[in-house]
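**Q** Sharing run19.txt here; it has compact mmCIF, C-alpha atoms and all ligand atoms.
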```txt
# COMPACT_ATOMS: atom_id res chain seq x y z
CA MET A 357 73.01 -171.04 87.55
CA SER A 358 70.51 -173.86 87.58
CA PRO A 359 69.41 -175.55 84.35
CA ALA A 360 65.86 -174.36 85.06
CA ALA A 361 67.03 -170.76 85.13
CA ASN A 362 68.49 -171.17 81.64
CA ARG A 363 65.37 -172.60 80.12
CA ARG A 364 64.13 -170.95 76.99
CA PRO A 365 60.72 -169.22 77.13
CA GLU A 366 57.83 -171.64 76.77
CA TRP A 367 54.09 -171.41 76.45
CA ARG A 368 52.10 -172.91 79.35
CA GLU A 369 48.37 -173.25 79.62
CA GLU A 370 46.65 -172.32 82.84
CA GLU A 371 43.01 -172.32 83.86
CA THR A 372 41.62 -169.88 86.40
CA GLU A 373 37.92 -169.76 87.22
CA GLY A 374 37.12 -171.56 83.98
CA LEU A 375 39.21 -169.14 81.88
CA LYS A 376 41.99 -170.75 79.94
CA LYS A 377 45.08 -168.65 79.39
CA GLN A 378 48.31 -169.24 77.59
CA ILE A 379 51.22 -167.83 79.54
CA LEU A 380 54.67 -167.20 78.11
CA TRP A 381 57.10 -168.20 80.86
CA ILE A 382 60.49 -166.58 80.71
CA SER A 383 63.15 -167.06 83.35
CA SER A 384 64.79 -163.89 84.64
CA SER A 385 68.28 -165.08 83.69
CA TYR A 386 67.08 -165.83 80.18
CA MET A 387 65.75 -162.31 79.92
CA LYS A 388 69.09 -160.85 80.88
CA ARG A 389 70.64 -162.70 77.95
CA ARG A 390 67.85 -161.87 75.53
CA SER A 391 67.15 -158.20 76.13
CA PHE A 392 64.54 -157.93 73.40
CA ILE A 393 62.10 -159.90 75.50
CA THR A 394 59.80 -157.83 77.65
CA THR A 395 60.68 -157.28 81.26
CA ALA A 396 57.94 -159.22 82.98
CA SER A 397 58.90 -162.68 84.22
CA SER A 398 55.67 -164.09 82.94
CA ILE A 399 53.27 -162.46 80.55
CA ALA A 400 49.59 -163.31 80.48
CA VAL A 401 48.47 -162.88 76.91
CA GLY A 402 44.77 -163.44 77.39
CA SER A 403 42.36 -166.25 76.90
CA LEU A 404 43.56 -168.66 74.26
CA VAL A 405 45.60 -165.93 72.64
CA THR A 406 48.91 -167.07 71.24
CA THR A 407 50.37 -163.68 70.40
CA SER A 408 54.10 -163.62 71.07
CA SER A 409 55.46 -161.02 73.48
CA VAL A 410 58.77 -160.87 71.63
CA ARG A 411 59.54 -157.26 70.79
CA ALA A 412 60.65 -155.96 67.43
CA GLU A 413 64.41 -156.03 67.25
CA ILE A 414 65.58 -154.44 64.04
CA VAL A 415 69.17 -153.53 64.78
CA LEU A 416 71.45 -150.92 63.29
CA PRO A 417 73.55 -152.51 60.55
CA ALA A 418 77.26 -151.78 60.90
CA LEU A 419 78.87 -149.46 58.40
CA PRO A 420 80.77 -151.60 55.87
CA TYR A 421 83.83 -149.33 56.32
CA ALA A 422 85.26 -146.99 58.93
CA PRO A 423 83.55 -143.59 59.29
CA ALA A 424 86.71 -141.88 57.99
CA ALA A 425 87.07 -144.20 55.00
CA LEU A 426 85.18 -141.89 52.63
CA GLU A 427 87.30 -138.84 53.37
CA PRO A 428 88.03 -136.33 52.01
CA HIS A 429 84.74 -136.55 50.10
CA ILE A 430 82.54 -137.30 53.11
CA ASP A 431 83.98 -136.53 56.52
CA ALA A 432 84.13 -138.94 59.45
CA GLU A 433 82.06 -136.81 61.79
CA THR A 434 79.20 -136.58 59.30
CA MET A 435 79.33 -140.33 58.72
CA SER A 436 79.36 -141.09 62.46
CA ILE A 437 76.43 -138.83 63.27
CA HIS A 438 74.53 -139.88 60.18
CA HIS A 439 74.88 -143.58 60.96
CA ASP A 440 75.04 -143.71 64.75
CA LYS A 441 72.38 -141.08 65.46
CA HIS A 442 70.11 -140.54 62.47
CA HIS A 443 69.88 -144.10 61.18
CA ALA A 444 69.67 -145.42 64.74
CA SER A 445 66.79 -143.06 65.44
CA TYR A 446 64.81 -144.31 62.44
CA ILE A 447 65.27 -147.85 63.67
CA ALA A 448 64.18 -147.07 67.23
CA LYS A 449 61.01 -145.40 65.97
CA LEU A 450 60.37 -148.17 63.45
CA ASN A 451 60.63 -150.76 66.23
CA ASP A 452 58.09 -148.75 68.24
CA ALA A 453 55.74 -148.74 65.26
CA LEU A 454 56.21 -152.48 64.67
CA ASN A 455 55.42 -153.19 68.31
CA ALA A 456 52.29 -151.04 68.08
CA LEU A 457 51.31 -153.02 65.00
CA GLY A 458 52.15 -156.40 66.57
CA LYS A 459 54.55 -157.06 63.69
CA SER A 460 57.70 -157.85 65.61
CA ASP A 461 59.12 -160.00 62.83
CA ALA A 462 58.16 -157.80 59.88
CA ASN A 463 60.62 -157.23 57.09
CA ALA A 464 61.00 -153.47 56.66
CA GLN A 465 61.58 -153.66 52.92
CA ASP A 466 58.37 -155.62 52.42
CA LEU A 467 56.40 -153.49 54.88
CA ILE A 468 57.06 -150.16 53.18
CA LYS A 469 55.87 -151.41 49.78
CA ASP A 470 52.23 -151.20 50.83
CA ILE A 471 51.85 -148.52 53.49
CA SER A 472 48.11 -148.21 52.79
CA ALA A 473 47.57 -151.77 54.05
CA LEU A 474 48.62 -150.68 57.56
CA PRO A 475 46.37 -149.13 60.21
CA VAL A 476 46.09 -145.41 59.49
CA ASP A 477 47.55 -144.36 62.84
CA GLN A 478 50.87 -146.11 62.10
CA GLN A 479 51.19 -145.39 58.39
CA MET A 480 53.23 -142.21 58.70
CA ALA A 481 55.55 -143.72 61.31
CA VAL A 482 56.31 -146.69 59.06
CA ARG A 483 56.58 -144.51 55.98
CA ASN A 484 59.10 -142.15 57.58
CA ASN A 485 61.06 -144.54 59.77
CA GLY A 486 60.73 -147.71 57.72
CA GLY A 487 61.75 -145.68 54.71
CA GLY A 488 64.58 -144.09 56.67
CA HIS A 489 65.90 -147.47 57.75
CA VAL A 490 65.65 -149.09 54.31
CA ASN A 491 67.08 -146.07 52.48
CA HIS A 492 70.07 -145.67 54.76
CA SER A 493 70.82 -149.41 54.86
CA MET A 494 71.20 -149.33 51.08
CA PHE A 495 72.98 -145.97 51.05
CA TRP A 496 75.89 -147.24 53.16
CA GLN A 497 76.34 -150.12 50.72
CA TRP A 498 76.25 -147.84 47.69
CA MET A 499 79.37 -146.07 48.93
CA ALA A 500 82.94 -147.33 49.28
CA PRO A 501 86.35 -145.73 49.80
CA ALA A 502 87.50 -143.89 46.68
CA GLY A 503 89.65 -146.10 44.49
CA SER A 504 88.60 -149.34 46.17
CA GLY A 505 86.58 -150.56 43.20
CA PRO A 506 85.48 -149.68 39.67
CA SER A 507 85.61 -145.93 39.02
CA GLY A 508 82.37 -146.02 37.02
CA PRO A 509 79.65 -148.32 35.75
CA GLU A 510 80.84 -151.33 33.74
CA GLY A 511 79.39 -154.16 31.68
CA ALA A 512 75.63 -154.50 31.25
CA LEU A 513 74.91 -151.57 33.54
CA ALA A 514 77.15 -149.23 31.54
CA VAL A 515 75.53 -150.35 28.27
CA LYS A 516 72.05 -149.80 29.68
CA LEU A 517 72.92 -146.37 31.10
CA GLN A 518 74.35 -145.31 27.76
CA SER A 519 71.34 -146.52 25.78
CA THR A 520 68.93 -144.90 28.23
CA PHE A 521 70.58 -141.55 28.87
CA GLY A 522 72.91 -141.12 25.89
CA SER A 523 76.15 -141.42 27.87
CA ILE A 524 77.40 -142.04 31.40
CA GLU A 525 78.06 -138.32 31.76
CA ASP A 526 74.50 -137.53 30.69
CA PHE A 527 73.19 -140.00 33.27
CA LYS A 528 75.30 -138.39 36.00
CA LYS A 529 74.13 -134.95 34.94
CA ARG A 530 70.46 -136.06 35.09
CA PHE A 531 70.97 -137.73 38.46
CA GLY A 532 72.82 -134.69 39.82
CA GLU A 533 69.99 -132.42 38.73
CA ALA A 534 67.43 -134.63 40.47
CA ALA A 535 69.55 -134.45 43.64
CA SER A 536 70.19 -130.70 43.53
CA LYS A 537 66.62 -129.76 42.60
CA ARG A 538 64.95 -131.84 45.30
CA PHE A 539 63.35 -129.15 47.44
CA GLY A 540 64.07 -129.66 51.12
CA SER A 541 64.98 -133.14 52.30
CA GLY A 542 64.89 -136.24 50.16
CA TRP A 543 66.70 -138.58 47.82
CA ALA A 544 67.73 -138.93 44.19
CA TRP A 545 67.42 -142.41 42.70
CA LEU A 546 68.39 -144.60 39.80
CA ILE A 547 65.65 -147.19 39.55
CA VAL A 548 64.77 -150.22 37.48
CA LYS A 549 61.10 -150.06 36.55
CA ALA A 550 58.79 -153.03 36.22
CA ASP A 551 59.41 -153.13 32.46
CA GLY A 552 63.17 -153.31 33.03
CA LYS A 553 63.84 -149.73 31.94
CA LEU A 554 66.12 -147.42 33.93
CA ALA A 555 64.92 -144.07 35.23
CA VAL A 556 66.21 -141.23 37.39
CA THR A 557 63.70 -140.10 40.01
CA SER A 558 63.56 -138.19 43.26
CA THR A 559 61.52 -138.58 46.43
CA ALA A 560 60.82 -136.31 49.37
CA ASN A 561 61.75 -137.07 52.98
CA GLN A 562 62.34 -140.83 53.43
CA ASP A 563 60.02 -142.05 50.71
CA ASN A 564 61.36 -144.99 48.74
CA PRO A 565 60.72 -145.86 45.06
CA THR A 566 59.05 -149.12 46.09
CA MET A 567 56.25 -147.37 48.04
CA LYS A 568 53.04 -148.02 46.12
CA GLY A 569 50.42 -145.32 46.62
CA VAL A 570 53.05 -142.93 47.99
CA VAL A 571 55.30 -142.53 44.98
CA PRO A 572 53.60 -141.78 41.62
CA ASP A 573 53.10 -144.98 39.62
CA ALA A 574 55.45 -143.71 36.91
CA ASP A 575 58.26 -143.42 39.48
CA LEU A 576 57.83 -146.86 41.06
CA GLY A 577 60.75 -149.24 40.70
CA THR A 578 63.63 -151.00 42.36
CA PRO A 579 66.34 -148.58 43.48
CA ILE A 580 69.86 -149.58 42.44
CA LEU A 581 71.54 -146.32 43.47
CA GLY A 582 70.41 -143.50 45.74
CA LEU A 583 71.81 -140.29 47.13
CA ASP A 584 70.73 -138.81 50.44
CA VAL A 585 70.33 -135.04 50.08
CA TRP A 586 69.10 -134.34 53.59
CA GLU A 587 71.24 -131.62 55.12
CA HIS A 588 72.38 -134.09 57.79
CA ALA A 589 74.24 -135.92 55.01
CA TYR A 590 76.51 -133.02 54.06
CA TYR A 591 76.02 -129.80 56.04
CA LEU A 592 79.01 -130.12 58.41
CA LYS A 593 81.46 -130.17 55.52
CA TYR A 594 79.63 -128.57 52.60
CA ARG A 595 77.30 -126.19 54.46
CA ASN A 596 74.70 -124.89 52.01
CA LYS A 597 76.62 -126.10 48.94
CA ARG A 598 74.64 -129.21 48.09
CA PRO A 599 75.97 -129.29 44.49
CA ASP A 600 79.55 -129.60 45.84
CA TYR A 601 78.51 -132.57 47.97
CA ILE A 602 76.88 -134.22 44.95
CA THR A 603 79.99 -133.70 42.83
CA ALA A 604 82.25 -135.13 45.55
CA TRP A 605 79.94 -138.07 46.21
CA TRP A 606 80.55 -139.58 42.77
CA ASN A 607 84.10 -140.34 43.97
CA VAL A 608 82.79 -142.77 46.59
CA VAL A 609 80.03 -144.53 44.67
CA ASN A 610 80.39 -148.29 45.04
CA TRP A 611 79.86 -149.26 41.40
CA ALA A 612 80.40 -152.93 42.16
CA GLN A 613 77.39 -152.84 44.49
CA VAL A 614 75.32 -150.89 41.97
CA ALA A 615 76.13 -153.51 39.30
CA LYS A 616 75.14 -156.27 41.73
CA ASP A 617 71.82 -154.59 42.51
CA ALA A 618 71.22 -153.94 38.82
CA ALA A 619 71.74 -157.64 38.08
CA THR A 620 69.37 -158.62 40.89
CA ALA A 621 66.78 -156.23 39.46
CA LYS A 622 67.30 -157.90 36.07
CA ILE A 623 68.15 -154.88 33.95
FE FE A 701 70.30 -139.54 55.90
```
Would you give me this structure, written as structure tokens?
Ligand SMILES: [Fe+2]
**A**
Amino acid sequence: MSPAANRRPEWREEETEGLKKQILWISSSYMKRRSFITTASSIAVGSLVTTSSVRAEIVLPALPYAPAALEPHIDAETMSIHHDKHHASYIAKLNDALNALGKSDANAQDLIKDISALPVDQQMAVRNNGGGHVNHSMFWQWMAPAGSGPSGPEGALAVKLQSTFGSIEDFKKRFGEAASKRFGSGWAWLIVKADGKLAVTSTANQDNPTMKGVVPDADLGTPILGLDVWEHAYYLKYRNKRPDYITAWWNVVNWAQVAKDAATAKI
């Protein structure tokens, strides 16, 4: 392979009939190595336009454990489908939306905080799929194999949960109710509000507690624990018994991660 064929993409200026254009030149061999770049060998981007043709490339984060690692509480097949199919689908659709918006390098967590700032025709796509990606990325981290870490909240988080809800058991009861009473698909959350207080909330579909203008102001905050109560999260094993899934899920909560997120949110 010649050195020229390996050259990185570069902007070149060309003038045709008095019209100046900036052309992004990409060698075909470079494209094979960098599949996120569009398939044309050179892309005219218009007169004096410097818009990049690089496509959005949010990738599916790997599960931090094997799909079977949460058994018997959450089965391997559910985890595989949930991660490899559902989460992957949110990402594919989010990338489509980002490309339509020309925001190939957008940070999904930042983007979903202000959905109303986006063009109306892409708001729902970002809300559903950006939310889906962000929610699931955190959800995988909030779980760990049973017995691999603390069995419950400790330290400052435990103290704050007790002072807010009365006891750890009362917090779990409140959270479980939010999860079981969520009509249809959605999430239950433990959030840290702007004033530093903890609260248990619930959102529909893939809404996230950071979504201003989507979530009621009183329910806005930084999520430090969340439970997916979409049927795709439990139906293979628990069928219609969502409360049994919620009860089992407490066995695989990654309290070390929750404590870390609580510290970051400055409880
Ligand atoms: Fe899910």
**Q** As a PyMOL selection string, please: every protein or nucleic acid residue near ligand FE 701 (chain A) (cut-off 6 Å, counting all atoms listed in the file).
**A** chain A and resi 584+586+589
**Q** Per residue of range 490-519 of chain A within 9 Å of range 422-444 of chain A, record the nearest atom pair and its distance in Å to one decimal, counting only C-alpha atoms, with rows in chain order and ascending residue number, as a Markdown table.
**A**
```
| residue | atom | partner | partner_atom | distance |
| --- | --- | --- | --- | --- |
| A:His492 | CA | A:His443 | CA | 6.6 |
| A:Ser493 | CA | A:His443 | CA | 8.3 |
| A:Trp496 | CA | A:His439 | CA | 8.7 |
| A:Met499 | CA | A:Leu426 | CA | 8.1 |
| A:Ala500 | CA | A:Leu426 | CA | 6.8 |
| A:Pro501 | CA | A:Leu426 | CA | 4.9 |
| A:Ala502 | CA | A:Leu426 | CA | 6.7 |
```
**Q** Pull C-alpha atoms from the residues just selected and write them as a PDB file, keeping the file's coordinate frame.
**A**
```pdb
ATOM      1  CA  HIS A 492      70.070-145.670  54.760  1.00  0.00           C
ATOM      2  CA  SER A 493      70.820-149.410  54.860  1.00  0.00           C
ATOM      3  CA  TRP A 496      75.890-147.240  53.160  1.00  0.00           C
ATOM      4  CA  MET A 499      79.370-146.070  48.930  1.00  0.00           C
ATOM      5  CA  ALA A 500      82.940-147.330  49.280  1.00  0.00           C
ATOM      6  CA  PRO A 501      86.350-145.730  49.800  1.00  0.00           C
ATOM      7  CA  ALA A 502      87.500-143.890  46.680  1.00  0.00           C
TER       8      ALA A 502
END
```
**Q** Can you tell me which residues surround Thr603 in chain A at a distance of at most 10 Å, considering only C-alpha atoms, apart from same-chain residues fewer than 2 positions away, and format the answer as a ChimeraX atom specification?
**A** /A:429,528-529,532,598-601,605-607
**Q** Please report, as AutoDock Vina command-line options, the centre and edge lengths in Å to one decimal of an axis-aligned box covering all listed atoms of range 477-495 of chain A with 8 Å per side.
**A**
```
--center_x 60.3 --center_y -145.8 --center_z 56.9 --size_x 41.4 --size_y 23.3 --size_z 27.8
```
**Q** Between CA of Ala615 in chain A and CA of Arg530 in chain A, what is the distance, to one decimal in Å?
**A**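 So the two atoms, CA of Ala615 in chain A and CA of Arg530 in chain A, lie 18.8 Å apart.
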**Q** Find the residues with any atom within 10 Å of (72.2, -143.0, 29.9); use all atoms listed in the file and the coordinates as given in the file, and write the answer as an NGL selection string.
**A** :A and (513-530 or 554-556)
**Q** Around the point (66.8, -149.3, 64.6) (coordinates from the file), which residues reach within 6 Å if we count all atoms listed in the file? Answer as JSON, numbers by chain.
**A** {"A": [414, 415, 416, 444, 446, 447, 448]}
**Q** Please report the interatomic distance between CA of Ala481 in chain A and CA of Gly542 in chain A in Å with one decimal.
**A** 16.4 Å
**Q** Please provide as a ChimeraX atom specification all residues within 12 Å of Pro475 in chain A, with the sequence filter that same-chain residues fewer than 2 positions apart are discarded (counting only C-alpha atoms).
**A** /A:453-454,456-459,470-473,477-483
**Q** Store the residues picked out above in a file with C-alpha atoms, as a CSV table (one decimal), in the coordinates of the input.
**A**
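The result, written out as selection.csv:
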```csv
chain,number,residue,atom,x,y,z
A,453,ALA,CA,55.7,-148.7,65.3
A,454,LEU,CA,56.2,-152.5,64.7
A,456,ALA,CA,52.3,-151.0,68.1
A,457,LEU,CA,51.3,-153.0,65.0
A,458,GLY,CA,52.2,-156.4,66.6
A,459,LYS,CA,54.6,-157.1,63.7
A,470,ASP,CA,52.2,-151.2,50.8
A,471,ILE,CA,51.8,-148.5,53.5
A,472,SER,CA,48.1,-148.2,52.8
A,473,ALA,CA,47.6,-151.8,54.0
A,477,ASP,CA,47.6,-144.4,62.8
A,478,GLN,CA,50.9,-146.1,62.1
A,479,GLN,CA,51.2,-145.4,58.4
A,480,MET,CA,53.2,-142.2,58.7
A,481,ALA,CA,55.6,-143.7,61.3
A,482,VAL,CA,56.3,-146.7,59.1
A,483,ARG,CA,56.6,-144.5,56.0
```
**Q** Could you work out how far CA of Val614 in chain A lies from CA of Asp466 in chain A, giving the answer in Å with one decimal?
**A**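 So the two atoms, CA of Asp466 in chain A and CA of Val614 in chain A, lie 20.5 Å apart.
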**Q** Calculated over only C-alpha atoms, which of the candidates A:Val548, A:Arg538, A:Gly577, A:Val490 has the smallest distance to Ala560 in chain A?
**A**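 Checking each of A:Val548, A:Arg538, A:Gly577, A:Val490 against Ala560 in chain A, counting only C-alpha atoms, the winner is A:Arg538.
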**Q** Nearest to Ala550 in chain A: which of A:His588, A:Lys622, A:Lys537, A:His489 is it, counting only C-alpha atoms?
**A**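 Using only C-alpha atoms, the shortest distance to Ala550 in chain A belongs to A:Lys622.
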**Q** Using all atoms listed in the file, find the one residue out of A:Gln465, A:Thr620, A:Asn455, A:Ser504 that sits nearest to Gly552 in chain A.
**A**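 Answer, going by the shortest atom-to-atom distance: A:Thr620.
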